[in-house]
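run-v1.txt (compact mmCIF, C-alpha atoms)
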```
# COMPACT_ATOMS: atom_id res chain seq x y z
CA MET A 1 160.18 -34.60 60.21
CA ILE A 2 157.39 -32.39 58.83
CA CYS A 3 155.13 -33.33 61.72
CA TYR A 4 157.90 -32.44 64.17
CA GLN A 5 158.39 -28.99 62.60
CA GLN A 6 154.64 -28.38 62.64
CA GLU A 7 154.48 -29.27 66.31
CA ARG A 8 157.40 -26.89 67.12
CA PHE A 9 155.75 -24.11 65.12
CA ALA A 10 152.45 -24.67 66.94
CA ALA A 11 154.21 -24.71 70.30
CA ILE A 12 155.75 -21.33 69.53
CA LEU A 13 152.66 -19.81 67.93
CA THR A 14 150.08 -20.82 70.53
CA PRO A 15 151.48 -18.88 73.54
CA LEU A 16 152.19 -15.91 71.29
CA SER A 17 148.63 -15.92 69.97
CA LEU A 18 147.18 -16.24 73.44
CA LYS A 19 149.29 -13.34 74.66
CA ILE A 20 148.16 -11.13 71.76
CA ILE A 21 144.51 -12.10 72.28
CA GLY A 22 144.83 -11.51 76.01
CA ARG A 23 146.28 -8.05 75.51
CA ARG A 24 143.59 -7.14 73.02
CA SER A 25 140.88 -8.39 75.36
CA LEU A 26 142.34 -6.44 78.28
CA ASN A 27 142.57 -3.26 76.21
CA MET A 28 139.01 -3.72 74.99
CA ASN A 29 137.75 -4.19 78.55
CA LYS A 30 139.60 -1.08 79.72
CA SER A 31 138.28 0.96 76.81
CA LEU A 32 134.75 -0.31 77.34
CA SER A 33 134.91 0.38 81.09
CA ILE A 34 136.22 3.92 80.57
CA THR A 35 133.70 4.60 77.81
CA MET A 36 130.77 3.48 79.98
CA ASN A 37 131.92 5.61 82.89
CA GLN A 38 132.61 8.58 80.61
CA ALA A 39 128.98 8.27 79.55
CA LYS A 40 127.93 8.40 83.19
CA GLU A 41 130.07 11.48 83.68
CA MET A 42 128.60 13.08 80.56
CA PHE A 43 125.05 12.52 81.77
CA ALA A 44 125.66 13.76 85.32
CA LYS A 45 122.77 16.04 86.23
CA VAL A 46 124.33 17.98 89.12
CA PRO A 47 127.43 20.23 89.31
CA GLU A 48 130.82 19.43 90.74
CA ILE A 49 131.11 20.68 94.31
CA THR A 50 133.38 23.73 94.30
CA LEU A 51 133.72 26.99 96.21
CA TYR A 52 131.57 28.72 93.58
CA PHE A 53 128.90 26.07 94.08
CA TRP A 54 128.64 26.95 97.77
CA ILE A 55 128.63 30.69 97.10
CA THR A 56 125.85 30.33 94.53
CA LYS A 57 123.93 28.04 96.87
CA LEU A 58 124.10 30.58 99.69
CA LEU A 59 122.88 33.35 97.41
CA THR A 60 119.94 31.27 96.17
CA THR A 61 118.86 30.54 99.74
CA GLY A 62 118.84 34.22 100.61
CA MET A 63 117.16 35.21 97.37
CA GLY A 64 114.46 32.55 97.77
CA GLU A 65 113.70 33.68 101.32
CA VAL A 66 113.16 37.37 100.59
CA ALA A 67 111.60 36.76 97.16
CA SER A 68 108.99 34.48 98.74
CA ASP A 69 108.19 37.12 101.38
CA TYR A 70 108.08 39.86 98.72
CA LEU A 71 105.64 37.91 96.54
CA PHE A 72 103.48 37.06 99.54
CA GLU A 73 103.31 40.69 100.69
CA ASN A 74 102.88 42.37 97.31
CA LEU A 75 100.72 39.87 95.45
CA ASN A 76 97.54 38.15 96.42
CA PRO A 77 98.56 34.78 97.94
CA LEU A 78 95.93 33.15 95.75
CA ILE A 79 98.00 34.37 92.79
CA SER A 80 101.58 34.25 94.08
CA ALA A 81 101.38 30.72 95.53
CA PRO A 82 99.93 29.00 92.41
CA LEU A 83 102.27 31.04 90.19
CA SER A 84 105.31 29.93 92.18
CA VAL A 85 104.18 26.32 92.10
CA LEU A 86 103.62 26.54 88.35
CA ILE A 87 107.10 27.90 87.68
CA PHE A 88 108.57 25.37 90.11
CA VAL A 89 106.88 22.45 88.29
CA ALA A 90 107.91 23.81 84.88
CA ALA A 91 111.53 24.13 86.04
CA MET A 92 111.52 20.57 87.40
CA ILE A 93 110.10 19.21 84.14
CA LEU A 94 112.81 21.03 82.22
CA GLN A 95 115.50 19.66 84.54
CA PHE A 96 114.28 16.09 84.06
CA LYS A 97 114.10 16.53 80.29
CA VAL A 98 117.71 17.59 79.80
CA ARG A 99 120.22 14.78 79.48
CA ARG A 100 123.14 16.42 81.26
CA TYR A 101 124.02 19.16 83.72
CA ILE A 102 123.08 22.57 82.30
CA PRO A 103 123.95 25.37 84.76
CA LYS A 104 121.09 27.75 83.94
CA VAL A 105 118.50 24.96 84.19
CA TYR A 106 119.91 23.45 87.37
CA TRP A 107 120.14 26.77 89.22
CA LEU A 108 116.69 27.85 88.02
CA VAL A 109 115.35 24.75 89.76
CA VAL A 110 117.36 25.54 92.90
CA ILE A 111 115.94 29.07 92.99
CA MET A 112 112.39 27.80 92.58
CA VAL A 113 112.96 25.09 95.20
CA SER A 114 114.20 27.84 97.52
CA ILE A 115 111.05 29.91 96.99
CA PHE A 116 108.76 26.88 97.15
CA GLY A 117 110.53 25.48 100.22
CA THR A 118 110.12 28.82 101.99
CA MET A 119 106.42 28.85 101.17
CA ALA A 120 106.03 25.26 102.39
CA ALA A 121 107.64 26.09 105.73
CA ASP A 122 105.58 29.28 106.05
CA VAL A 123 102.35 27.42 105.32
CA VAL A 124 103.13 24.93 108.08
CA ARG A 125 103.88 27.73 110.55
CA VAL A 126 101.54 30.57 109.56
CA GLY A 127 98.78 28.74 107.73
CA LEU A 128 98.45 25.82 110.12
CA GLY A 129 99.67 27.64 113.24
CA ILE A 130 102.27 25.00 114.05
CA PRO A 131 105.19 26.25 116.22
CA TYR A 132 108.62 26.48 114.59
CA ILE A 133 110.07 23.85 116.90
CA VAL A 134 107.40 21.37 115.82
CA SER A 135 107.80 22.15 112.13
CA THR A 136 111.59 21.87 112.46
CA ILE A 137 111.28 18.42 114.04
CA PHE A 138 108.74 17.43 111.37
CA PHE A 139 111.12 18.35 108.55
CA ILE A 140 114.03 16.59 110.30
CA VAL A 141 111.97 13.40 110.40
CA ALA A 142 110.88 13.91 106.78
CA LEU A 143 114.52 14.35 105.71
CA ALA A 144 115.55 11.21 107.58
CA VAL A 145 112.79 9.22 105.88
CA VAL A 146 113.84 10.46 102.44
CA LEU A 147 117.53 9.71 103.03
CA ILE A 148 116.79 6.24 104.42
CA ALA A 149 114.57 5.43 101.44
CA TRP A 150 117.23 6.77 99.04
CA TYR A 151 120.01 4.72 100.63
CA SER A 152 117.91 1.55 100.85
CA LYS A 153 117.22 1.75 97.11
CA GLU A 154 120.55 3.00 95.78
CA LYS A 155 123.09 2.07 98.51
CA THR A 156 124.62 5.54 98.20
CA LEU A 157 123.74 9.13 99.00
CA SER A 158 126.61 10.62 97.02
CA VAL A 159 125.82 13.55 94.74
CA HIS A 160 128.55 12.18 92.46
CA SER A 161 126.24 9.31 91.52
CA ILE A 162 123.28 11.32 90.18
CA PHE A 163 123.14 9.85 86.69
CA THR A 164 119.90 7.81 86.86
CA ARG A 165 116.33 9.07 86.94
CA ARG A 166 115.50 7.51 90.32
CA ARG A 167 118.59 8.98 91.98
CA GLU A 168 117.77 12.37 90.51
CA ILE A 169 114.24 12.17 91.95
CA PHE A 170 115.63 11.30 95.38
CA TYR A 171 118.15 14.14 95.06
CA TRP A 172 115.55 16.82 94.36
CA ILE A 173 113.16 15.56 97.05
CA THR A 174 116.05 15.75 99.51
CA VAL A 175 116.96 19.26 98.34
CA LEU A 176 113.35 20.42 98.72
CA VAL A 177 113.09 19.04 102.27
CA THR A 178 116.44 20.56 103.27
CA PHE A 179 115.23 23.99 102.13
CA ALA A 180 112.04 23.66 104.17
CA LEU A 181 114.02 22.38 107.17
CA GLY A 182 116.54 25.20 106.94
CA THR A 183 113.77 27.79 106.74
CA ALA A 184 111.98 26.38 109.77
CA ALA A 185 115.21 26.09 111.79
CA GLY A 186 116.28 29.64 110.91
CA ASP A 187 112.90 31.09 111.86
CA MET A 188 112.94 29.07 115.08
CA THR A 189 116.25 30.52 116.25
CA ALA A 190 115.45 34.06 115.08
CA SER A 191 111.89 34.25 116.42
CA SER A 192 111.14 31.54 118.96
CA MET A 193 114.59 31.67 120.55
CA HIS A 194 114.76 35.47 120.15
CA LEU A 195 118.26 35.49 118.70
CA GLY A 196 117.34 37.79 115.86
CA TYR A 197 118.29 37.38 112.20
CA PHE A 198 121.90 38.52 112.40
CA SER A 199 122.76 36.37 115.43
CA SER A 200 121.00 33.41 113.83
CA GLY A 201 123.09 33.91 110.72
CA LEU A 202 126.28 33.87 112.79
CA LEU A 203 125.13 30.74 114.65
CA PHE A 204 124.42 28.78 111.49
CA THR A 205 127.61 30.06 109.85
CA PHE A 206 129.51 28.49 112.74
CA LEU A 207 127.58 25.25 112.25
CA LEU A 208 128.26 25.41 108.51
CA VAL A 209 132.02 25.61 109.09
CA ILE A 210 132.05 22.47 111.30
CA PRO A 211 131.58 19.86 108.52
CA ALA A 212 134.02 21.72 106.25
CA LEU A 213 136.75 21.61 108.91
CA GLY A 214 135.81 18.07 109.88
CA TYR A 215 136.17 16.89 106.30
CA ARG A 216 139.39 18.77 105.61
CA LEU A 217 141.20 18.15 108.87
CA PHE A 218 139.74 15.03 110.45
CA GLY A 219 138.51 12.92 107.55
CA LEU A 220 134.80 13.34 108.27
CA ASN A 221 132.66 11.27 105.92
CA GLU A 222 132.33 13.22 102.67
CA ILE A 223 128.64 12.45 102.11
CA PHE A 224 127.63 13.33 105.67
CA ALA A 225 129.72 16.52 105.55
CA PHE A 226 128.13 17.57 102.27
CA TRP A 227 124.50 17.11 103.32
CA PHE A 228 125.09 18.66 106.75
CA ALA A 229 126.65 21.72 105.12
CA TYR A 230 123.93 21.79 102.46
CA ILE A 231 121.24 21.99 105.14
CA MET A 232 123.11 24.73 107.00
CA THR A 233 123.42 26.95 103.91
CA ARG A 234 119.69 27.54 104.00
CA PRO A 235 119.39 29.21 107.43
CA VAL A 236 122.69 31.05 106.83
CA GLY A 237 121.52 32.64 103.58
CA ALA A 238 117.96 33.15 104.77
CA SER A 239 118.97 34.72 108.11
CA PHE A 240 121.30 37.27 106.58
CA SER A 241 118.88 38.15 103.77
CA ASP A 242 116.09 38.57 106.34
CA TRP A 243 118.43 40.79 108.35
CA LEU A 244 118.98 42.97 105.27
CA ALA A 245 115.26 43.22 104.46
CA ALA A 246 113.64 43.24 107.90
CA SER A 247 112.45 46.50 109.38
CA HIS A 248 114.47 48.30 112.04
CA SER A 249 111.88 47.35 114.63
CA HIS A 250 112.61 43.69 113.88
CA GLY A 251 116.38 44.11 114.09
CA GLY A 252 117.01 44.45 110.36
CA LEU A 253 118.45 47.08 108.05
CA GLY A 254 115.11 47.87 106.44
CA ILE A 255 116.21 47.47 102.80
CA ASP A 256 113.33 46.86 100.40
CA LYS A 257 112.78 43.13 99.85
CA GLY A 258 112.35 43.61 96.13
CA ILE A 259 115.75 45.32 95.91
CA VAL A 260 117.45 42.62 98.01
CA SER A 261 115.90 39.92 95.81
CA LEU A 262 116.97 41.68 92.62
CA VAL A 263 120.56 42.26 93.73
CA LEU A 264 120.95 38.65 94.86
CA LEU A 265 119.43 37.44 91.59
CA ILE A 266 121.94 39.50 89.58
CA PHE A 267 124.85 37.99 91.50
CA ILE A 268 123.41 34.49 90.97
CA ILE A 269 123.05 35.06 87.23
CA LEU A 270 126.64 36.31 86.96
CA LEU A 271 127.97 33.32 88.89
CA VAL A 272 125.95 30.86 86.79
CA ILE A 273 127.17 32.45 83.55
CA PHE A 274 130.85 32.72 84.46
CA ARG A 275 131.24 30.03 87.14
CA GLY A 276 128.43 27.61 86.40
CA GLY A 277 130.76 24.67 86.83
CA SER A 278 131.01 21.28 85.19
CA PRO A 279 129.04 18.08 85.78
CA ALA A 280 129.97 16.08 88.86
CA LYS A 281 132.15 13.10 88.04
CA GLY A 282 130.67 9.78 89.05
CA VAL A 283 132.41 7.79 91.78
CA GLU A 284 132.45 4.75 89.48
CA PHE A 285 134.20 6.83 86.80
CA ASN A 286 137.00 7.88 89.11
CA ASP A 287 137.52 4.36 90.46
CA GLU A 288 137.60 2.77 87.02
CA LYS A 289 139.87 5.46 85.65
CA GLU A 290 142.41 4.80 88.40
CA ARG A 291 142.27 1.03 87.83
CA ALA A 292 142.59 1.44 84.05
CA SER A 293 145.67 3.62 84.45
```

What would the structure in this file look like if it were written as structure tokens?
Amino acid sequence: MICYQQERFAAILTPLSLKIIGRRSLNMNKSLSITMNQAKEMFAKVPEITLYFWITKLLTTGMGEVASDYLFENLNPLISAPLSVLIFVAAMILQFKVRRYIPKVYWLVVIMVSIFGTMAADVVRVGLGIPYIVSTIFFIVALAVVLIAWYSKEKTLSVHSIFTRRREIFYWITVLVTFALGTAAGDMTASSMHLGYFSSGLLFTFLLVIPALGYRLFGLNEIFAFWFAYIMTRPVGASFSDWLAASHSHGGLGIDKGIVSLVLLIFIILLVIFRGGSPAKGVEFNDEKERAS
């Protein structure tokens, strides 16, 4: 009789215990998964892509273009070039040292990449005497090589996945090459194709709108749309800033390059302070969060 009661009690207790253990295990797995992905989100090193991101990006491209020209024209190139490289390297070191997205650090790097990328494109064209069409093709090939290497290593090109050191390195190399490519392409249309700065700005603005509409209306691949638009922001910002600063004889408004650089820098600083944005959420975080809920 006692053995029978013990067996009944065990038969009732065992499924109940397994159910409780199973629920606890499931809750622990969900909590662990969310915690790990929250850590990835916390350590994201790039901003979420918003309208203010694109506005700030456009301003940095224009500021970098005219600031590079201003430094080159008003300082000895033997001083301005090494100084720009030094600040660029210091900004990159600072960016890699921080553990999360910090707006003022991130956008300082973008500004310096803009200036350095402009100098790199100008060295290829002016220093080496290579035509803009050749330099544009060169930077297109360089960008393709970087993106292929990035994808082969990481299996993603999404900016929402920049939470490892290697991905961050690939990201900044890609950004640097896109700035150089955008500079070369903008100069090619303005000078070699004789469109002028303002017309070039309108042309690349049209090209910039294409991926945005494609993504919003026709489901264009998000990653392709982002990088295509990112490349186009460079010649858009650079063309219009050159139009503001170029002399009347070159089809511009003739505003002092130092003033244009300063005004754009002030707008950038205000946007970074008040609309610096939050870290980009990792793709893994969003997927796990949906599954956990």

Checklist entry - atom CA of A:Ser199 to atom CA of A:Gly64: how many Å, to one decimal? => result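 Pair atom CA of A:Ser199 / atom CA of A:Gly64 returns 19.9 Å.
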
Checklist entry - With all atoms listed in the file as the basis for distance, which of A:Phe96, A:Ile266, A:Ile231, A:Val113 is at the shortest distance from A:Ile173? => result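 For A:Ile173, the nearest of the candidates is A:Val113.
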
Checklist entry - Which is closer to A:Phe116 than all the others in A:Gln95, A:Thr183, A:Thr156, A:Thr136, using all atoms listed in the file? => result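 The closest residue to A:Phe116 is A:Thr183.
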
Checklist entry - Between A:Phe179, A:Trp172, A:Tyr151, A:Phe198, which is the closest to A:His250 once you count all atoms listed in the file? => result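 Looking at the shortest contact to A:His250, the residue is A:Phe198.
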
Item to check | Which of A:Leu157, A:Val110, A:Val66, A:Ile133 sits closest to A:Trp243 [using all atoms listed in the file] | outcome: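 Checking each of A:Leu157, A:Val110, A:Val66, A:Ile133 against A:Trp243, counting all atoms listed in the file, the winner is A:Val66.
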